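Shown next, in structure tokens, is the structure this report addresses.
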Amino acid sequence: MSCVKSPESTQSHSREDGRDFNSSAVMQPRMPNPTPRELRNGGRVKTNGRQPTGIYQPNNNFLAPHMQSPEYVQLSTAAAITLGIMQGKMYRCECTRCLNLLLTYPEGCRANCAYCGLARHREAERDYADRNFIRVDWPAVPIDDIVNIVAKDVANTPFHRMCISMITHPKSDRDTVSVLKKWTAQIDPNTLPVSILSNPTTMTRHDVVTLKDLGADIFTVALDAATPEIFDRTRGKGVQSPHKWSKYWEILLSAREVFGAQKFGAHIIVGMGETEHEVLKLVQHIANLGGHSHMFCFFPEQGSLMDHLPATPRDQWRRVQLARYLIDYRDVQIDQMRFDSEGRITGYGLTDSELCDVIDAGIAFRTSGCPGKIQEDISACDRPYGDSPPSNIASFPFHPRKKDLTKIRRQLDIPIVVR
Ligand code: SF4
């Protein structure tokens, strides 16, 4: 049996325009509108002046209270359900293995990334705690409540890892340290390791060292964009946002030095206008440095500056997802792969039967991220439906079954062919 793409096959399963990738020309964010003065810097929340109490769920229909890190953090809906502080069920998932926490402030994130639901420009229409990161609601909860629930029975916690996500805010470096200290005061980070999803714009190498010294296990940098041009266009000057590619790389290289090989990585969003060759060149570079790439499929979050743009076609996403896995976990080099004139992958650098085995194993199509307790290439961070709806899954938060793999092969245009 073989699972090779037949040479004449050019079928696209994705877009009405027949293209099976998001080109740079198409993926242009719109410009943010000016925010009325009285709504800037969390104006509405501060004027309301409501005192925080208990859990705040997004869209509670009253103005978000003064929830403020380090006392409060937001956490993903999946983590809140797994922790038992919210009711609900997730499609085909029992729970999440990663307790994702997000620092929170009434002023919100001060950056303006074009694809992100938390971006600054959105304060014109919504209070911070009512905005989505991407796709998923993040309720706000006192950090002490979270730590107490996990600490009560660490041995039997469903979580394999905890992660603190920073946002761009003047207090975010200090408060990351406070949240980490609150956690390690009750929970041994050797039992339940901690990752940091950093915000390099406000950080120095000293901050990286401090987090390592306090027990953080893995340090990641959300580059998000695959090239400096796309970075600038989607999260730098192009959208009145403060981030710089060079600063992100400065902190990424500090993390490599301080945390060491296999203990640092980068988040990358696929389908924001880069070619497949460009994004995999970045993946290879990070792998050569000793790190890992954690990938997301671009999703046009409503209210973001890219909400008018197409989601990444599944063809493009699956090709990159598979190739990234081969580079990160199967020692395949980008130089062994083949690409067409538009930078699309046409060969993965493995024999047909080797490629078939990797596809059938299914791990390549699961959510990528920091490892949990199962095995190195299975991420604790499964982020259920954080980059796609359940009806058309991009990153599988569970192990894909036979029917999923059939669909994946169709998207890859690599059907099973009996020899
Ligand atoms: S820094 Fe992070 S949270 Fe803030 S707008 Fe950019 S992607 Fe969103």
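If you're wondering about the labels, chains in the structure tokens are A, B, ... by order shown, residues count from 1 in each chain, ligands from 1 in order shown.
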Each residue of chain A lying at most 8 Å from ligand 1 should get a row with its shortest atom-to-atom pair and the distance in Å to one decimal, counting only C-alpha atoms and all ligand atoms; could you produce that, ordered by chain and increasing number, as CSV?
residue,atom,partner,partner_atom_place_in_ligand_line,distance
A:Cys109,CA,ligand 1,4 (Fe),4.7
A:Arg110,CA,ligand 1,4 (Fe),6.4
A:Ala111,CA,ligand 1,5 (S),4.6
A:Asn112,CA,ligand 1,5 (S),4.7
A:Cys113,CA,ligand 1,6 (Fe),4.3
A:Ala114,CA,ligand 1,5 (S),7.4
A:Tyr115,CA,ligand 1,7 (S),7.3
A:Cys116,CA,ligand 1,8 (Fe),4.6
A:Gly117,CA,ligand 1,8 (Fe),6.5
A:Leu118,CA,ligand 1,8 (Fe),4.9
A:Ala119,CA,ligand 1,5 (S),3.8
A:Arg120,CA,ligand 1,5 (S),6.5
A:Phe133,CA,ligand 1,8 (Fe),6.7
A:Met166,CA,ligand 1,3 (S),7.4
A:Ile167,CA,ligand 1,3 (S),4.8
A:Thr168,CA,ligand 1,1 (S),5.2
A:Asn199,CA,ligand 1,1 (S),6.6
A:Ala222,CA,ligand 1,2 (Fe),7.7
A:Asp224,CA,ligand 1,7 (S),7.9
A:Arg235,CA,ligand 1,6 (Fe),6.6
A:His243,CA,ligand 1,1 (S),7.9
Write out as a PDB file with C-alpha atoms, in the first residue's frame which residues come within 12 Å of Gln262 of chain A when counting only C-alpha atoms, dropping same-chain ones fewer than 6 positions away.
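So result-v9.pdb came out as:
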ATOM      1  CA  ASP A 217      10.292  24.763  32.908  1.00  0.00           C
ATOM      2  CA  ILE A 218       9.730  25.992  29.326  1.00  0.00           C
ATOM      3  CA  PHE A 219       9.821  29.519  27.911  1.00  0.00           C
ATOM      4  CA  THR A 220       8.058  30.338  24.648  1.00  0.00           C
ATOM      5  CA  ALA A 255      15.490  31.884  26.430  1.00  0.00           C
ATOM      6  CA  ARG A 256      17.655  29.461  24.472  1.00  0.00           C
ATOM      7  CA  ILE A 286      14.255  27.129  15.502  1.00  0.00           C
ATOM      8  CA  ALA A 287      14.865  23.359  15.432  1.00  0.00           C
ATOM      9  CA  ASN A 288      18.545  23.972  14.565  1.00  0.00           C
ATOM     10  CA  LEU A 289      18.761  26.252  17.597  1.00  0.00           C
ATOM     11  CA  GLY A 290      17.362  23.414  19.751  1.00  0.00           C
ATOM     12  CA  GLY A 291      13.777  24.642  20.132  1.00  0.00           C
ATOM     13  CA  HIS A 292      10.291  23.656  19.006  1.00  0.00           C
ATOM     14  CA  SER A 293       7.578  25.362  16.982  1.00  0.00           C
ATOM     15  CA  ASP A 328      10.599  18.821  14.942  1.00  0.00           C
ATOM     16  CA  TYR A 329      10.251  15.113  15.744  1.00  0.00           C
ATOM     17  CA  GLY A 369       2.727  22.832  22.171  1.00  0.00           C
ATOM     18  CA  CYS A 370       4.748  22.082  25.294  1.00  0.00           C
ATOM     19  CA  PRO A 371       4.850  18.359  26.141  1.00  0.00           C
ATOM     20  CA  GLU A 376       7.553  14.262  23.975  1.00  0.00           C
ATOM     21  CA  ASP A 377       5.610  14.780  20.757  1.00  0.00           C
TER      22      ASP A 377
END
Subject >> Nearest to Tyr248 of chain A by atom-to-atom distance, counting only C-alpha atoms, from A:Leu63, A:Ala185, A:Leu223, A:Ile334 >> reply: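 Nearest candidate to Tyr248 of chain A out of A:Leu63, A:Ala185, A:Leu223, A:Ile334: A:Leu223.
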Subject >> Picked from segment 223-377 of chain A by DSSP as strand (DSSP E or B), as a ChimeraX atom specification >> reply: /A:223-224,264-270,292-297,338-339,345-347,366,371
**OP:** Could you give me the residues within segment 145-333 of chain A that DSSP places in alpha helix (DSSP H), as a ChimeraX atom specification?
**Re:** /A:145-152,172-186,205-213,228-235,245-259,276-289,314-329
Give me the segment 92-114 of chain A side of the contact with segment 170-179 of chain A, cut-off 12 Å, one line per residue showing its nearest atom pair and distance in Å at one decimal, counting only C-alpha atoms, sorted by chain and residue number, as a Markdown table.
| residue | atom | partner | partner_atom | distance |
| --- | --- | --- | --- | --- |
| A:Leu101 | CA | A:Val179 | CA | 9.5 |
| A:Leu102 | CA | A:Thr176 | CA | 9.4 |
| A:Leu103 | CA | A:Ser172 | CA | 7.1 |
| A:Thr104 | CA | A:Ser172 | CA | 8.7 |
| A:Tyr105 | CA | A:Lys171 | CA | 9.0 |
| A:Pro106 | CA | A:Lys171 | CA | 11.9 |
| A:Glu107 | CA | A:Pro170 | CA | 10.4 |
| A:Gly108 | CA | A:Pro170 | CA | 10.7 |
| A:Cys109 | CA | A:Pro170 | CA | 9.6 |
| A:Arg110 | CA | A:Pro170 | CA | 8.8 |
| A:Ala111 | CA | A:Pro170 | CA | 11.3 |
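Proximity ranking of A:Ser388, A:Asn41, A:Thr312, A:Gln375 relative to Glu123 of chain A places A:Asn41 first, based on only C-alpha atoms.
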Near-Asp307 of chain A list (9 Å; only C-alpha atoms; drop same-chain fewer than 3 positions) as an mmCIF file with C-alpha atoms, in the first residue's frame:
data_model
loop_
_atom_site.group_PDB
_atom_site.id
_atom_site.type_symbol
_atom_site.label_atom_id
_atom_site.label_comp_id
_atom_site.auth_asym_id
_atom_site.auth_seq_id
_atom_site.Cartn_x
_atom_site.Cartn_y
_atom_site.Cartn_z
ATOM 1 C CA PRO A 29 -5.299 43.629 7.775
ATOM 2 C CA ARG A 30 -7.588 46.648 7.879
ATOM 3 C CA ALA A 114 -4.355 42.302 13.804
ATOM 4 C CA TYR A 115 -5.517 38.699 14.297
ATOM 5 C CA PHE A 299 -8.693 31.929 12.115
ATOM 6 C CA PRO A 300 -10.438 35.254 11.331
ATOM 7 C CA GLU A 301 -11.594 36.237 14.822
ATOM 8 C CA GLN A 302 -14.699 38.414 14.685
ATOM 9 C CA GLY A 303 -13.912 42.014 15.643
ATOM 10 C CA SER A 304 -10.206 41.626 14.877
ATOM 11 C CA PRO A 310 -10.185 33.798 4.799
#
